[in-house]
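Pasting model19.cif here (mmCIF, C-alpha atoms):
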```cif
data_my_file
#
loop_
_atom_site.group_PDB
_atom_site.id
_atom_site.type_symbol
_atom_site.label_atom_id
_atom_site.label_comp_id
_atom_site.auth_asym_id
_atom_site.auth_seq_id
_atom_site.Cartn_x
_atom_site.Cartn_y
_atom_site.Cartn_z
ATOM 1 C CA MET A 1173 -58.756 145.013 -11.319
ATOM 2 C CA GLN A 1174 -57.602 146.953 -8.283
ATOM 3 C CA GLU A 1175 -54.222 148.655 -8.555
ATOM 4 C CA TRP A 1176 -52.685 146.669 -5.685
ATOM 5 C CA ILE A 1177 -53.496 143.395 -7.435
ATOM 6 C CA SER A 1178 -51.586 144.502 -10.537
ATOM 7 C CA ARG A 1179 -48.584 145.375 -8.385
ATOM 8 C CA LEU A 1180 -48.726 142.047 -6.550
ATOM 9 C CA LYS A 1181 -48.783 140.213 -9.881
ATOM 10 C CA SER A 1182 -45.676 142.073 -10.976
ATOM 11 C CA GLU A 1183 -43.779 141.200 -7.778
ATOM 12 C CA THR A 1184 -44.327 137.436 -7.580
ATOM 13 C CA ASP A 1185 -44.489 134.446 -9.904
ATOM 14 C CA ALA A 1186 -46.889 132.669 -7.534
ATOM 15 C CA GLU A 1187 -50.112 131.340 -9.018
ATOM 16 C CA LEU A 1188 -52.777 133.994 -8.408
ATOM 17 C CA LYS A 1189 -56.470 133.595 -9.144
ATOM 18 C CA LEU A 1190 -58.906 136.492 -9.023
ATOM 19 C CA ASN A 1191 -62.407 136.168 -7.569
ATOM 20 C CA GLU A 1192 -61.821 132.529 -6.707
ATOM 21 C CA PRO A 1193 -64.884 130.991 -4.982
ATOM 22 C CA MET A 1194 -64.027 129.736 -1.510
ATOM 23 C CA SER A 1195 -66.707 127.077 -1.871
ATOM 24 C CA VAL A 1196 -64.238 124.992 -3.903
ATOM 25 C CA HIS A 1197 -61.546 125.272 -1.220
ATOM 26 C CA THR A 1198 -63.563 124.380 1.888
ATOM 27 C CA SER A 1199 -65.153 121.163 3.105
ATOM 28 C CA PHE A 1200 -68.396 123.057 3.783
ATOM 29 C CA ARG A 1201 -68.548 123.831 0.017
ATOM 30 C CA ILE A 1202 -69.773 127.281 0.953
ATOM 31 C CA GLY A 1203 -68.281 130.733 0.426
ATOM 32 C CA GLY A 1204 -68.113 133.614 -2.008
ATOM 33 C CA PRO A 1205 -65.044 134.775 -3.955
ATOM 34 C CA ALA A 1206 -61.684 135.745 -2.524
ATOM 35 C CA GLU A 1207 -60.333 138.885 -4.195
ATOM 36 C CA VAL A 1208 -57.055 137.037 -4.736
ATOM 37 C CA PHE A 1209 -56.362 133.361 -4.114
ATOM 38 C CA ALA A 1210 -52.603 132.703 -3.995
ATOM 39 C CA LYS A 1211 -51.008 129.282 -4.299
ATOM 40 C CA LEU A 1212 -47.523 129.558 -2.810
ATOM 41 C CA SER A 1213 -45.049 126.804 -3.672
ATOM 42 C CA ASN A 1214 -41.728 128.099 -2.280
ATOM 43 C CA GLN A 1215 -40.260 130.310 0.420
ATOM 44 C CA LEU A 1216 -39.594 133.273 -1.866
ATOM 45 C CA GLN A 1217 -43.213 133.385 -2.995
ATOM 46 C CA LEU A 1218 -44.369 133.088 0.608
ATOM 47 C CA ASN A 1219 -42.160 135.920 1.891
ATOM 48 C CA THR A 1220 -42.989 138.162 -1.065
ATOM 49 C CA VAL A 1221 -46.750 137.847 -0.589
ATOM 50 C CA ILE A 1222 -46.543 138.305 3.187
ATOM 51 C CA ASP A 1223 -44.303 141.378 2.932
ATOM 52 C CA PHE A 1224 -46.434 142.891 0.157
ATOM 53 C CA CYS A 1225 -49.650 142.472 2.131
ATOM 54 C CA ASN A 1226 -48.036 143.776 5.308
ATOM 55 C CA SER A 1227 -46.583 146.903 3.698
ATOM 56 C CA ASN A 1228 -49.815 147.685 1.840
ATOM 57 C CA SER A 1229 -52.273 146.831 4.649
ATOM 58 C CA ILE A 1230 -53.894 144.106 2.548
ATOM 59 C CA PRO A 1231 -55.812 141.455 4.542
ATOM 60 C CA LEU A 1232 -54.038 138.079 4.323
ATOM 61 C CA LEU A 1233 -55.419 134.735 5.452
ATOM 62 C CA PHE A 1234 -53.773 131.321 5.165
ATOM 63 C CA ILE A 1235 -55.839 128.203 4.740
ATOM 64 C CA GLY A 1236 -54.966 124.521 4.625
ATOM 65 C CA ARG A 1237 -57.634 122.206 3.303
ATOM 66 C CA GLY A 1238 -60.425 124.461 4.566
ATOM 67 C CA THR A 1239 -61.894 121.790 6.834
ATOM 68 C CA ASN A 1240 -62.847 123.956 9.808
ATOM 69 C CA MET A 1241 -63.755 127.196 8.049
ATOM 70 C CA LEU A 1242 -66.945 128.969 7.025
ATOM 71 C CA PHE A 1243 -66.567 131.841 4.557
ATOM 72 C CA SER A 1244 -69.098 134.580 3.958
ATOM 73 C CA ASP A 1245 -71.403 134.381 0.945
ATOM 74 C CA GLN A 1246 -70.003 137.788 -0.027
ATOM 75 C CA GLY A 1247 -66.476 136.395 -0.194
ATOM 76 C CA ARG A 1248 -63.265 137.673 1.303
ATOM 77 C CA ARG A 1249 -61.308 140.891 0.793
ATOM 78 C CA GLY A 1250 -57.572 140.778 0.192
ATOM 79 C CA VAL A 1251 -55.523 137.613 -0.268
ATOM 80 C CA VAL A 1252 -56.349 134.061 0.736
ATOM 81 C CA ALA A 1253 -53.178 131.956 0.499
ATOM 82 C CA LYS A 1254 -52.538 128.224 0.402
ATOM 83 C CA LEU A 1255 -49.175 126.466 0.720
ATOM 84 C CA SER A 1256 -48.152 123.860 -1.863
ATOM 85 C CA GLY A 1257 -44.962 122.639 -3.573
ATOM 86 C CA GLN A 1258 -42.052 122.547 -1.109
ATOM 87 C CA PHE A 1259 -44.516 122.983 1.753
ATOM 88 C CA SER A 1260 -46.194 119.664 0.942
ATOM 89 C CA GLY A 1261 -43.158 117.389 1.224
ATOM 90 C CA ILE A 1262 -42.136 114.754 3.776
ATOM 91 C CA LYS A 1263 -38.548 113.789 4.653
ATOM 92 C CA PHE A 1264 -37.878 110.677 6.731
ATOM 93 C CA TYR A 1265 -34.861 110.157 9.023
ATOM 94 C CA ASP A 1266 -34.681 106.404 9.582
ATOM 95 C CA GLU A 1267 -31.965 106.400 12.232
ATOM 96 C CA ARG A 1268 -33.853 108.905 14.402
ATOM 97 C CA GLN A 1269 -37.411 107.599 13.985
ATOM 98 C CA SER A 1270 -38.372 111.071 12.921
ATOM 99 C CA LEU A 1271 -39.360 113.176 9.936
ATOM 100 C CA THR A 1272 -40.036 116.684 8.756
ATOM 101 C CA ALA A 1273 -43.343 117.438 7.095
ATOM 102 C CA GLY A 1274 -44.576 120.556 5.332
ATOM 103 C CA ALA A 1275 -47.582 122.432 6.673
ATOM 104 C CA GLY A 1276 -49.500 121.618 3.497
ATOM 105 C CA VAL A 1277 -49.315 117.827 3.945
ATOM 106 C CA PRO A 1278 -52.800 116.283 4.450
ATOM 107 C CA LEU A 1279 -53.077 114.483 7.784
ATOM 108 C CA PRO A 1280 -54.374 111.196 6.288
ATOM 109 C CA LYS A 1281 -51.375 111.122 3.923
ATOM 110 C CA LEU A 1282 -48.985 111.775 6.810
ATOM 111 C CA ALA A 1283 -50.611 109.035 8.899
ATOM 112 C CA ARG A 1284 -50.297 106.490 6.073
ATOM 113 C CA TYR A 1285 -46.696 107.500 5.356
ATOM 114 C CA THR A 1286 -45.585 107.152 8.968
ATOM 115 C CA ALA A 1287 -47.371 103.819 9.355
ATOM 116 C CA LYS A 1288 -45.497 102.424 6.356
ATOM 117 C CA LYS A 1289 -42.250 103.597 7.986
ATOM 118 C CA SER A 1290 -43.154 101.642 11.175
ATOM 119 C CA LEU A 1291 -43.800 104.839 13.141
ATOM 120 C CA ALA A 1292 -46.706 104.979 15.582
ATOM 121 C CA GLY A 1293 -48.454 107.999 17.078
ATOM 122 C CA LEU A 1294 -50.541 109.461 14.278
ATOM 123 C CA GLU A 1295 -53.151 106.723 13.971
ATOM 124 C CA PHE A 1296 -55.831 109.109 15.248
ATOM 125 C CA ALA A 1297 -55.119 111.479 12.344
ATOM 126 C CA PHE A 1298 -56.030 109.033 9.597
ATOM 127 C CA GLY A 1299 -59.660 110.139 9.514
ATOM 128 C CA ILE A 1300 -59.045 113.859 10.027
ATOM 129 C CA PRO A 1301 -59.217 115.577 6.616
ATOM 130 C CA GLY A 1302 -57.202 118.718 7.413
ATOM 131 C CA SER A 1303 -53.585 119.658 6.725
ATOM 132 C CA LEU A 1304 -50.694 119.523 9.205
ATOM 133 C CA GLY A 1305 -50.454 123.321 9.495
ATOM 134 C CA GLY A 1306 -54.099 123.737 10.420
ATOM 135 C CA ALA A 1307 -53.919 120.746 12.741
ATOM 136 C CA LEU A 1308 -51.015 122.317 14.629
ATOM 137 C CA ILE A 1309 -52.776 125.643 15.061
ATOM 138 C CA MET A 1310 -55.883 124.040 16.563
ATOM 139 C CA ASN A 1311 -54.122 121.017 18.112
ATOM 140 C CA ALA A 1312 -56.340 118.631 16.185
ATOM 141 C CA GLY A 1313 -56.956 115.277 17.750
ATOM 142 C CA ALA A 1314 -59.215 112.280 18.270
ATOM 143 C CA ASN A 1315 -59.306 109.027 20.228
ATOM 144 C CA SER A 1316 -57.227 110.508 23.070
ATOM 145 C CA GLY A 1317 -54.429 111.565 20.708
ATOM 146 C CA SER A 1318 -53.409 114.929 19.268
ATOM 147 C CA VAL A 1319 -50.669 116.416 17.101
ATOM 148 C CA ALA A 1320 -49.083 117.914 20.208
ATOM 149 C CA ASP A 1321 -48.051 114.388 21.225
ATOM 150 C CA VAL A 1322 -45.544 113.939 18.383
ATOM 151 C CA ILE A 1323 -44.151 117.423 17.750
ATOM 152 C CA GLU A 1324 -40.448 118.142 18.333
ATOM 153 C CA SER A 1325 -40.328 121.639 16.817
ATOM 154 C CA VAL A 1326 -42.223 123.843 14.369
ATOM 155 C CA GLU A 1327 -41.101 126.377 11.754
ATOM 156 C CA VAL A 1328 -43.287 129.468 11.498
ATOM 157 C CA VAL A 1329 -43.264 132.832 9.765
ATOM 158 C CA ASP A 1330 -43.141 135.862 12.031
ATOM 159 C CA MET A 1331 -42.654 139.573 11.409
ATOM 160 C CA THR A 1332 -39.359 141.169 12.447
ATOM 161 C CA GLU A 1333 -38.974 144.893 11.823
ATOM 162 C CA ASN A 1334 -41.817 144.783 9.284
ATOM 163 C CA LYS A 1335 -40.209 141.943 7.342
ATOM 164 C CA SER A 1336 -41.213 138.281 7.333
ATOM 165 C CA GLU A 1337 -38.773 135.807 8.835
ATOM 166 C CA VAL A 1338 -38.842 132.032 9.295
ATOM 167 C CA ILE A 1339 -38.072 130.961 12.852
ATOM 168 C CA SER A 1340 -37.979 127.569 14.578
ATOM 169 C CA ILE A 1341 -39.802 126.998 17.872
ATOM 170 C CA SER A 1342 -39.091 123.992 20.068
ATOM 171 C CA ARG A 1343 -41.933 121.967 21.580
ATOM 172 C CA ASN A 1344 -41.282 123.212 25.114
ATOM 173 C CA LYS A 1345 -41.947 126.783 23.975
ATOM 174 C CA ILE A 1346 -45.308 125.963 22.387
ATOM 175 C CA ASP A 1347 -48.449 125.958 24.512
ATOM 176 C CA PHE A 1348 -51.000 123.326 23.516
ATOM 177 C CA ALA A 1349 -54.492 122.965 24.971
ATOM 178 C CA TYR A 1350 -57.786 121.422 23.911
ATOM 179 C CA ARG A 1351 -58.288 122.485 20.264
ATOM 180 C CA TRP A 1352 -55.881 125.420 20.660
ATOM 181 C CA SER A 1353 -52.200 126.256 20.455
ATOM 182 C CA SER A 1354 -50.051 129.348 20.881
ATOM 183 C CA LEU A 1355 -48.985 128.893 17.230
ATOM 184 C CA GLU A 1356 -52.092 130.797 16.182
ATOM 185 C CA LYS A 1357 -50.294 134.095 16.869
ATOM 186 C CA PHE A 1358 -47.890 133.579 13.962
ATOM 187 C CA ILE A 1359 -48.617 134.447 10.332
ATOM 188 C CA CYS A 1360 -48.370 130.848 9.193
ATOM 189 C CA ILE A 1361 -46.641 127.520 9.809
ATOM 190 C CA THR A 1362 -44.272 126.171 7.147
ATOM 191 C CA LYS A 1363 -43.219 122.772 8.507
ATOM 192 C CA ALA A 1364 -42.813 120.618 11.596
ATOM 193 C CA PHE A 1365 -40.210 118.216 12.953
ATOM 194 C CA ILE A 1366 -41.928 115.079 14.234
ATOM 195 C CA ARG A 1367 -40.547 112.298 16.437
ATOM 196 C CA MET A 1368 -42.458 109.037 16.858
ATOM 197 C CA LYS A 1369 -42.189 105.526 18.314
ATOM 198 C CA SER A 1370 -41.530 102.297 16.444
ATOM 199 C CA ASP A 1371 -44.196 99.652 15.964
ATOM 200 C CA GLU A 1372 -45.176 96.984 13.457
ATOM 201 C CA PRO A 1373 -46.956 98.499 10.433
ATOM 202 C CA GLU A 1374 -49.664 95.815 10.663
ATOM 203 C CA GLN A 1375 -50.525 96.913 14.210
ATOM 204 C CA ILE A 1376 -50.472 100.589 13.296
ATOM 205 C CA PHE A 1377 -52.788 100.090 10.312
ATOM 206 C CA LYS A 1378 -55.079 97.915 12.452
ATOM 207 C CA ARG A 1379 -55.530 100.784 14.922
ATOM 208 C CA MET A 1380 -56.037 103.256 12.076
ATOM 209 C CA LYS A 1381 -58.756 101.057 10.605
ATOM 210 C CA THR A 1382 -60.491 100.751 13.979
ATOM 211 C CA TYR A 1383 -60.453 104.522 14.513
ATOM 212 C CA LEU A 1384 -61.737 105.184 10.990
ATOM 213 C CA GLN A 1385 -64.585 102.688 11.339
ATOM 214 C CA LYS A 1386 -65.616 104.344 14.596
ATOM 215 C CA ARG A 1387 -65.528 107.746 12.901
ATOM 216 C CA LYS A 1388 -67.667 106.522 10.003
ATOM 217 C CA SER A 1389 -70.261 105.069 12.357
ATOM 218 C CA THR A 1390 -70.580 108.167 14.546
ATOM 219 C CA GLN A 1391 -69.925 111.149 12.254
ATOM 220 C CA PRO A 1392 -71.359 112.317 8.906
ATOM 221 C CA ILE A 1393 -67.982 112.174 7.166
ATOM 222 C CA SER A 1394 -69.491 111.879 3.676
ATOM 223 C CA ALA A 1395 -71.531 115.082 4.069
ATOM 224 C CA ALA A 1396 -70.259 118.604 3.409
ATOM 225 C CA SER A 1397 -69.404 120.052 6.807
ATOM 226 C CA ALA A 1398 -66.601 121.693 8.778
ATOM 227 C CA GLY A 1399 -66.366 118.976 11.410
ATOM 228 C CA CYS A 1400 -67.394 119.674 14.985
ATOM 229 C CA VAL A 1401 -68.887 123.153 15.175
ATOM 230 C CA PHE A 1402 -68.541 123.724 18.928
ATOM 231 C CA ARG A 1403 -65.824 122.993 21.466
ATOM 232 C CA ASN A 1404 -66.732 120.497 24.150
ATOM 233 C CA PRO A 1405 -67.357 122.384 27.410
ATOM 234 C CA PRO A 1406 -65.174 121.137 30.309
ATOM 235 C CA GLY A 1407 -66.375 117.684 31.341
ATOM 236 C CA MET A 1408 -69.236 117.705 28.848
ATOM 237 C CA SER A 1409 -70.006 116.796 25.240
ATOM 238 C CA ALA A 1410 -71.323 119.583 23.015
ATOM 239 C CA GLY A 1411 -72.973 117.010 20.762
ATOM 240 C CA LYS A 1412 -74.786 115.398 23.681
ATOM 241 C CA LEU A 1413 -76.021 118.771 24.958
ATOM 242 C CA ILE A 1414 -77.374 119.675 21.512
ATOM 243 C CA ASP A 1415 -79.003 116.252 21.145
ATOM 244 C CA GLU A 1416 -80.633 116.466 24.590
ATOM 245 C CA CYS A 1417 -82.092 119.828 23.600
ATOM 246 C CA GLY A 1418 -83.919 118.110 20.724
ATOM 247 C CA LEU A 1419 -81.964 119.846 17.983
ATOM 248 C CA LYS A 1420 -80.819 116.867 15.879
ATOM 249 C CA GLY A 1421 -82.158 117.350 12.367
ATOM 250 C CA GLU A 1422 -82.954 121.033 12.946
ATOM 251 C CA LYS A 1423 -82.832 122.975 9.665
ATOM 252 C CA ILE A 1424 -82.507 126.560 8.499
ATOM 253 C CA GLY A 1425 -82.435 126.920 4.745
ATOM 254 C CA GLY A 1426 -79.984 124.372 3.364
ATOM 255 C CA ALA A 1427 -78.130 123.928 6.660
ATOM 256 C CA GLN A 1428 -78.987 121.086 9.015
ATOM 257 C CA VAL A 1429 -77.853 119.750 12.379
ATOM 258 C CA SER A 1430 -76.680 116.231 11.563
ATOM 259 C CA GLU A 1431 -78.957 113.353 12.541
ATOM 260 C CA LEU A 1432 -75.843 111.240 13.175
ATOM 261 C CA HIS A 1433 -73.792 113.628 15.326
ATOM 262 C CA ALA A 1434 -75.425 116.751 16.759
ATOM 263 C CA ASN A 1435 -72.165 118.731 16.884
ATOM 264 C CA PHE A 1436 -71.994 118.682 13.082
ATOM 265 C CA ILE A 1437 -73.862 121.139 10.884
ATOM 266 C CA ILE A 1438 -74.024 119.880 7.324
ATOM 267 C CA ASN A 1439 -74.592 121.561 3.991
ATOM 268 C CA ALA A 1440 -77.640 119.440 3.224
ATOM 269 C CA ASN A 1441 -79.103 121.371 0.297
ATOM 270 C CA ASN A 1442 -77.123 124.224 -1.263
ATOM 271 C CA SER A 1443 -76.735 125.984 2.061
ATOM 272 C CA THR A 1444 -75.513 129.543 2.279
ATOM 273 C CA ALA A 1445 -73.127 130.795 4.934
ATOM 274 C CA ARG A 1446 -75.993 132.842 6.334
ATOM 275 C CA ASP A 1447 -78.045 129.646 6.786
ATOM 276 C CA VAL A 1448 -75.201 128.077 8.771
ATOM 277 C CA VAL A 1449 -74.626 131.171 10.923
ATOM 278 C CA ASN A 1450 -78.349 131.429 11.695
ATOM 279 C CA LEU A 1451 -78.456 127.752 12.645
ATOM 280 C CA ILE A 1452 -75.363 128.149 14.835
ATOM 281 C CA ASP A 1453 -77.034 131.078 16.613
ATOM 282 C CA LYS A 1454 -80.225 129.075 17.136
ATOM 283 C CA VAL A 1455 -78.368 126.072 18.561
ATOM 284 C CA ARG A 1456 -76.379 128.252 20.955
ATOM 285 C CA THR A 1457 -79.504 130.106 22.085
ATOM 286 C CA VAL A 1458 -81.541 126.964 22.725
ATOM 287 C CA VAL A 1459 -78.699 125.138 24.515
ATOM 288 C CA GLU A 1460 -77.961 128.111 26.771
ATOM 289 C CA ARG A 1461 -81.638 128.609 27.588
ATOM 290 C CA LYS A 1462 -82.221 124.936 28.434
ATOM 291 C CA THR A 1463 -78.914 124.023 30.076
ATOM 292 C CA GLY A 1464 -77.207 127.270 31.062
ATOM 293 C CA VAL A 1465 -74.137 126.275 29.003
ATOM 294 C CA GLU A 1466 -72.784 128.772 26.468
ATOM 295 C CA LEU A 1467 -71.229 126.867 23.562
ATOM 296 C CA GLU A 1468 -68.019 128.208 22.035
ATOM 297 C CA LEU A 1469 -67.207 127.858 18.348
ATOM 298 C CA GLU A 1470 -64.503 125.448 17.254
ATOM 299 C CA ILE A 1471 -64.703 126.389 13.564
ATOM 300 C CA GLY A 1472 -63.533 129.714 12.136
ATOM 301 C CA VAL A 1473 -66.206 132.001 10.676
ATOM 302 C CA PHE A 1474 -64.740 134.514 8.217
ATOM 303 C CA HIS A 1475 -66.796 137.500 7.158
ATOM 304 C CA CYS A 1476 -66.135 139.499 4.017
ATOM 305 C CA ASP A 1477 -64.126 142.209 5.765
ATOM 306 C CA ASN A 1478 -62.433 140.396 8.655
#
```

For the structure just supplied, provide its representation as structure tokens.
Amino acid sequence: MQEWISRLKSETDAELKLNEPMSVHTSFRIGGPAEVFAKLSNQLQLNTVIDFCNSNSIPLLFIGRGTNMLFSDQGRRGVVAKLSGQFSGIKFYDERQSLTAGAGVPLPKLARYTAKKSLAGLEFAFGIPGSLGGALIMNAGANSGSVADVIESVEVVDMTENKSEVISISRNKIDFAYRWSSLEKFICITKAFIRMKSDEPEQIFKRMKTYLQKRKSTQPISAASAGCVFRNPPGMSAGKLIDECGLKGEKIGGAQVSELHANFIINANNSTARDVVNLIDKVRTVVERKTGVELELEIGVFHCDN
């Protein structure tokens, strides 16, 4: 055990696992071991781990449900942290048609909860498997809706004079764009204040069901993947470009371009991260050669030492 790990263990009562495989924490089901995997359930644990890593130059990465991430087969140096406990709660304010939700809350759970409270606006999120924190960072969305549409303010952790501090940022000070937000510059998100509109639960659930059925019919949601691999170029569909280039079903090792939706790469047969990266490179090369369009990644690819 490295010396810094022993010191971290002595400074926090957070749950720490050594050499934890990232394959069990990502929807791709791919990835080698993280040196330390930290499950943080309260603010003290969160601040302690952040300050320790900052003062000791230890790499620190926060993950939600790992639904848009590909980790190296060699694993990840430093600490990979996940929020739980107090960061997974929801508090409803009936008189204001609003709520606060922790960054660790799964989007489908949040969508169901708000629907039961007669609040509309998160129907699109019912079929998105990520957590609220990750969804805010990448402005997750579907069916013409996104998390940016319902956000009032967000609490984040930032560094002030080499010490972590929780600050609140109002919606008008957050920049949101297609699959991006300015929140990515902060260490992590802890919770969000959400304001929604009233509607009948039956109508909300009806829309959720319609969106989910559409998702099931057009995307390989039962396969191990990280969702859409590439961002849609302006005015175009990445999936359509890949399909038109004849790449549906293309395989490298255990990785395969989905036959159902060409912008999904699935772990079809014990794929390695290297298989996926090689297939990504091939798809980008072929699409650029045939169409002149350079596809940009939507998922995060994390190497051992980055």

Next on the checklist: Need the shell around region 1432-1445 of chain A: protein/DNA/RNA residues with any atom at most 6 Å away, counting only C-alpha atoms. Skip same-chain ones fewer than 6 positions apart. Format as a PyMOL selection string?
Outcome noted: chain A and resi 1244-1245+1391+1396-1397+1399-1401+1411+1414-1415+1420+1426

Take the selection from the previous step and output its residues with C-alpha atoms, as a PDB file, keeping the file's coordinate frame.
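This is the output file selection-v8.pdb:
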```
ATOM      1  CA  SER A1244     -69.098 134.580   3.958  1.00  0.00           C
ATOM      2  CA  ASP A1245     -71.403 134.381   0.945  1.00  0.00           C
ATOM      3  CA  GLN A1391     -69.925 111.149  12.254  1.00  0.00           C
ATOM      4  CA  ALA A1396     -70.259 118.604   3.409  1.00  0.00           C
ATOM      5  CA  SER A1397     -69.404 120.052   6.807  1.00  0.00           C
ATOM      6  CA  GLY A1399     -66.366 118.976  11.410  1.00  0.00           C
ATOM      7  CA  CYS A1400     -67.394 119.674  14.985  1.00  0.00           C
ATOM      8  CA  VAL A1401     -68.887 123.153  15.175  1.00  0.00           C
ATOM      9  CA  GLY A1411     -72.973 117.010  20.762  1.00  0.00           C
ATOM     10  CA  ILE A1414     -77.374 119.675  21.512  1.00  0.00           C
ATOM     11  CA  ASP A1415     -79.003 116.252  21.145  1.00  0.00           C
ATOM     12  CA  LYS A1420     -80.819 116.867  15.879  1.00  0.00           C
ATOM     13  CA  GLY A1426     -79.984 124.372   3.364  1.00  0.00           C
TER      14      GLY A1426
END
```

Item to check | Residue IDs satisfying the PyMOL selection byres ((chain A and resi 1281) around 12), as a PyMOL selection string | outcome: chain A and resi 1260-1262+1273-1274+1276-1280+1282-1288+1294-1295+1297-1304

Next on the checklist: Which residues are close to region 1214-1226 of chain A, i.e. within 7 Å by only C-alpha atoms, leaving aside same-chain residues fewer than 4 positions away? Reply as number ranges by chain.
Outcome noted: A: 1184, 1186, 1230-1232, 1257-1258, 1335-1336

Could you take the residues named above and write them with C-alpha atoms, as a PDB file, keeping the file's coordinate frame?
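Contents of part_28.pdb, as written:
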```pdb
ATOM      1  CA  THR A1184     -44.327 137.436  -7.580  1.00  0.00           C
ATOM      2  CA  ALA A1186     -46.889 132.669  -7.534  1.00  0.00           C
ATOM      3  CA  ILE A1230     -53.894 144.106   2.548  1.00  0.00           C
ATOM      4  CA  PRO A1231     -55.812 141.455   4.542  1.00  0.00           C
ATOM      5  CA  LEU A1232     -54.038 138.079   4.323  1.00  0.00           C
ATOM      6  CA  GLY A1257     -44.962 122.639  -3.573  1.00  0.00           C
ATOM      7  CA  GLN A1258     -42.052 122.547  -1.109  1.00  0.00           C
ATOM      8  CA  LYS A1335     -40.209 141.943   7.342  1.00  0.00           C
ATOM      9  CA  SER A1336     -41.213 138.281   7.333  1.00  0.00           C
TER      10      SER A1336
END
```

Item to check | Pairwise distance for CA of Ser1270 (chain A) and CA of Ile1366 (chain A), rounded to one decimal in Å | outcome: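 CA of Ile1366 (chain A) lies at a distance of 5.5 Å from CA of Ser1270 (chain A).
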
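Shortest separation to Cys1417 (chain A) among A:Ser1290, A:Gln1375, A:Thr1332, A:Thr1457 occurs at residue A:Thr1457, atoms counted being all atoms listed in the file.
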
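Of the residues under consideration (A:Leu1355, A:Val1465, A:Leu1413, A:Ile1393), A:Leu1355 shows the shortest atom-to-atom contact distance to Asp1330 (chain A) when counting all atoms listed in the file.
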
Item to check | Spatial neighbours of Leu1308 (chain A), max dist 8 Å, all atoms listed in the file, sep filter under 2 positions, as a ChimeraX atom specification | outcome: /A:1304-1306,1310-1312,1319-1320,1353,1355

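Residues within 12 Å of Lys1454 (chain A), counting all atoms listed in the file and excluding same-chain residues fewer than 5 positions away, are Ile1414, Cys1417, Leu1419, Glu1422, Lys1423, Ile1424, Ala1427, Gln1428, Val1429, Ile1437, Asp1447, Val1448, Val1449, Val1459, Glu1460, Arg1461, Glu1466 and Leu1467 of chain A.
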
Could you save those same residues with C-alpha atoms as a PDB file, keeping the file's coordinate frame?
```pdb
ATOM      1  CA  ILE A1414     -77.374 119.675  21.512  1.00  0.00           C
ATOM      2  CA  CYS A1417     -82.092 119.828  23.600  1.00  0.00           C
ATOM      3  CA  LEU A1419     -81.964 119.846  17.983  1.00  0.00           C
ATOM      4  CA  GLU A1422     -82.954 121.033  12.946  1.00  0.00           C
ATOM      5  CA  LYS A1423     -82.832 122.975   9.665  1.00  0.00           C
ATOM      6  CA  ILE A1424     -82.507 126.560   8.499  1.00  0.00           C
ATOM      7  CA  ALA A1427     -78.130 123.928   6.660  1.00  0.00           C
ATOM      8  CA  GLN A1428     -78.987 121.086   9.015  1.00  0.00           C
ATOM      9  CA  VAL A1429     -77.853 119.750  12.379  1.00  0.00           C
ATOM     10  CA  ILE A1437     -73.862 121.139  10.884  1.00  0.00           C
ATOM     11  CA  ASP A1447     -78.045 129.646   6.786  1.00  0.00           C
ATOM     12  CA  VAL A1448     -75.201 128.077   8.771  1.00  0.00           C
ATOM     13  CA  VAL A1449     -74.626 131.171  10.923  1.00  0.00           C
ATOM     14  CA  VAL A1459     -78.699 125.138  24.515  1.00  0.00           C
ATOM     15  CA  GLU A1460     -77.961 128.111  26.771  1.00  0.00           C
ATOM     16  CA  ARG A1461     -81.638 128.609  27.588  1.00  0.00           C
ATOM     17  CA  GLU A1466     -72.784 128.772  26.468  1.00  0.00           C
ATOM     18  CA  LEU A1467     -71.229 126.867  23.562  1.00  0.00           C
TER      19      LEU A1467
END
```

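Closest approach to Ala1410 (chain A) from the set A:Glu1470, A:Glu1183, A:Glu1431, A:Glu1356 is made by A:Glu1470, with distances taken over only C-alpha atoms.
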
Hey, could you make a per-residue contact list for region 1239-1350 of chain A against region 1195-1212 of chain A with 6 Å as the cut-off, showing the nearest pair of atoms and its distance in Å to one decimal, counting all atoms listed in the file, sorted by chain and number, as CSV?
```
residue,atom,partner,partner_atom,distance
A:Thr1239,CA,A:Ser1199,CA,5.0
A:Phe1243,CA,A:Gly1203,CA,4.6
A:Ser1244,CA,A:Gly1203,CA,5.3
A:Asp1245,CA,A:Gly1204,CA,4.5
A:Gln1246,CA,A:Gly1204,CA,5.0
A:Gly1247,CA,A:Gly1204,CA,3.7
A:Arg1248,CA,A:Ala1206,CA,4.6
A:Arg1249,CA,A:Glu1207,CA,5.5
A:Gly1250,CA,A:Glu1207,CA,5.5
A:Val1251,CA,A:Val1208,CA,4.8
A:Val1252,CA,A:Phe1209,CA,4.9
A:Ala1253,CA,A:Ala1210,CA,4.6
A:Lys1254,CA,A:Lys1211,CA,5.1
A:Leu1255,CA,A:Leu1212,CA,5.0
A:Ser1256,CA,A:Leu1212,CA,5.8
```

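Compared by their closest atoms to Glu1372 (chain A), and using all atoms listed in the file, the residues A:Ile1177, A:Ala1292, A:Thr1463, A:Leu1469 rank with A:Ala1292 nearest.
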
Item to check | Counting all atoms listed in the file, the option among A:Phe1474, A:Tyr1265, A:Phe1296, A:Phe1259 closest to Met1380 (chain A) | outcome: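 For Met1380 (chain A), the nearest of the candidates is A:Phe1296.
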